[in-house]
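Notes follow the structure.
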Amino acid sequence: MLSKKGYDRYSIIIHNTNKYFKLDRIGYTFITEGDGSIVFIEDEHFYNECTQKSLSLLTQKGYSNAQNFFIDAYKKLAASDYDDAIVDVGRAIETLLKERFSKLGIPYDDKKDSLNKLLNIAKQHIITPYSFEPFQQTLLEVGRARNQMGAHGVTPGQTPVADELHVRFAINQAAANLLFLAEVPMSNK
C-alpha cells in the first residue's frame, strides 16, 4: 500500500505521462483503476464518459472479475492479441451478469449459461418502464462478434479473423454495455 506521499508522487507521474501521451498523440493512457494499466484511447470524450466511467463503476460496485476481463481485453489489444482480446470482452459482460446475479440471489448456471441465456435471465429481473429487447440485441452483438471473429467460436482449421478495428469497436461497445448492465435496476423477484 502506498503512503499518502508515495500516492501523490505516483499520481503526478501518471498525470504527467498521460499529458505527454496526449501532446504526442500516442493514443494510449494510463488508468489507475484496478491494478492500473495502459489502454488505447479511441476518442477522449467517449473514453471519459464510457470507458473510464465503466471501470470506476465496476470498482465501486465490487465487480472486480468483470473489470479484470475488461482491462485484460485492453492489454491484449495493445499487444495485438486480437483473438484473445475479443474473447475477454465477452467474458467481461458474462462475468458482470453472473456477479450481479450472485449479489441479488438470482439463480443461474455458472457453467452452462451462455450470454444469451444470461441476458434472458436479466430481462426477467430488470426493473424498467422500457422494453429490454432492443438493449438485449445490442448486448448480444458483442457475443456474436466474439463467436465469429475470435478464438471462442473458431472451428479447427479455421483462421480467426479478429483485427484491431473490430476489437476496438467491441471494447468500446462493451464499455457502454458494462455501464448499462451495472446501473440498470434489477430485482430478485
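Following the order of the C-alpha cells, first chain is A, next is B, and so on, with residues numbered from 1 inside each chain and ligands from 1 in the order they appear.
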
Return as JSON lines the residues of range 36-109 of chain A lying at most 9 Å from range 116-129 of chain A, together with the closest atom-to-atom pair for each and the distance in Å to one decimal, counting only C-alpha atoms, with rows in chain order and ascending residue number.
{"residue": "A:Glu94", "atom": "CA", "partner": "A:Leu118", "partner_atom": "CA", "distance": 7.2}
{"residue": "A:Leu97", "atom": "CA", "partner": "A:Leu118", "partner_atom": "CA", "distance": 6.8}
{"residue": "A:Lys98", "atom": "CA", "partner": "A:Leu118", "partner_atom": "CA", "distance": 7.7}
{"residue": "A:Phe101", "atom": "CA", "partner": "A:Ala122", "partner_atom": "CA", "distance": 8.2}
{"residue": "A:Ile106", "atom": "CA", "partner": "A:His125", "partner_atom": "CA", "distance": 8.3}
{"residue": "A:Pro107", "atom": "CA", "partner": "A:Ile121", "partner_atom": "CA", "distance": 8.5}
{"residue": "A:Tyr108", "atom": "CA", "partner": "A:Leu118", "partner_atom": "CA", "distance": 7.5}
{"residue": "A:Asp109", "atom": "CA", "partner": "A:Leu118", "partner_atom": "CA", "distance": 9.0}

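A straight line drawn from CA of Ile38 in chain A to CA of Glu164 in chain A is 16.2 Å long.
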
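Among A:Ala92, A:Ile13, A:Leu77, A:Ala162, the residue with the shortest atom-to-atom distance to Gln148 in chain A, counting only C-alpha atoms, is A:Ala162.
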
Using only C-alpha atoms for the distances, tell me which of A:Lys189, A:His166, A:Lys103, A:Lys76 is nearest to Val142 in chain A.
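Counting only C-alpha atoms, the residue closest to Val142 in chain A is A:His166.
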
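Here CA of Ala175 in chain A stands at a distance of 10.8 Å from CA of Leu139 in chain A.
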
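Around Ala73 in chain A, within 6 Å and counting only C-alpha atoms, the residues found are A:Ala85, A:Asp88, A:Val89, once anything fewer than 5 positions away on its own chain is removed.
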
Take the selection from the previous step and output its residues with all heavy atoms, as a short mmCIF file (atom, residue, chain, number, x, y, z; two decimals), in the first residue's frame.
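Generated output (out_32.cif):
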data_model
loop_
_atom_site.label_atom_id
_atom_site.label_comp_id
_atom_site.auth_asym_id
_atom_site.auth_seq_id
_atom_site.Cartn_x
_atom_site.Cartn_y
_atom_site.Cartn_z
N ALA A 85 -8.32 -10.86 -27.04
CA ALA A 85 -8.94 -9.62 -26.58
C ALA A 85 -10.45 -9.68 -26.76
O ALA A 85 -11.21 -9.33 -25.85
CB ALA A 85 -8.37 -8.42 -27.34
N ASP A 88 -12.05 -11.90 -24.19
CA ASP A 88 -12.14 -11.24 -22.88
C ASP A 88 -13.25 -10.20 -22.83
O ASP A 88 -13.84 -9.98 -21.77
CB ASP A 88 -10.80 -10.61 -22.49
CG ASP A 88 -9.81 -11.63 -21.98
OD1 ASP A 88 -10.22 -12.76 -21.65
OD2 ASP A 88 -8.61 -11.30 -21.90
N VAL A 89 -13.55 -9.56 -23.94
CA VAL A 89 -14.66 -8.61 -23.99
C VAL A 89 -15.96 -9.33 -23.64
O VAL A 89 -16.74 -8.87 -22.80
CB VAL A 89 -14.76 -7.94 -25.38
CG1 VAL A 89 -16.06 -7.19 -25.55
CG2 VAL A 89 -13.58 -7.00 -25.60
#

In terms of only C-alpha atoms, the residue from A:Asn188, A:Ser80, A:Asn177, A:Ser102 at minimal distance from Lys53 in chain A is A:Asn177

Counting only C-alpha atoms, the residue of A:Leu96, A:Val87, A:Leu55, A:Ala78 that sits nearest Arg144 in chain A:
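Under the stated criterion, the closest residue is A:Val87.
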
Top pick for closest residue to Gln52 in chain A, considering A:Lys75, A:Tyr82, A:Leu179, A:Glu133 and counting only C-alpha atoms:
A:Leu179

I'd like the interatomic distance between CA of Phe69 in chain A and CA of Arg91 in chain A, to a tenth of an Å.
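The value is 6.4 Å.
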
Go through A:Leu165, A:Ala66, A:Ala170, A:Leu181 one by one, measure the shortest atom-to-atom distance of each to Gln136 in chain A using only C-alpha atoms, and give the residue with the smallest value.
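With only C-alpha atoms as the atom set, the closest residue is A:Leu181.
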
Tell me which protein, DNA and RNA residues are within 12 Å of Gly62 in chain A, counting only C-alpha atoms, leaving out same-chain ones fewer than 3 positions away, and put them as a list in words.
Gly34, Leu55, Ser56, Leu57, Leu58, Thr59, Asn65, Ala66, Gln67, Asn68, Thr95, Leu96, Glu99, Arg100, Ser102, Lys103 and Ala182 of chain A
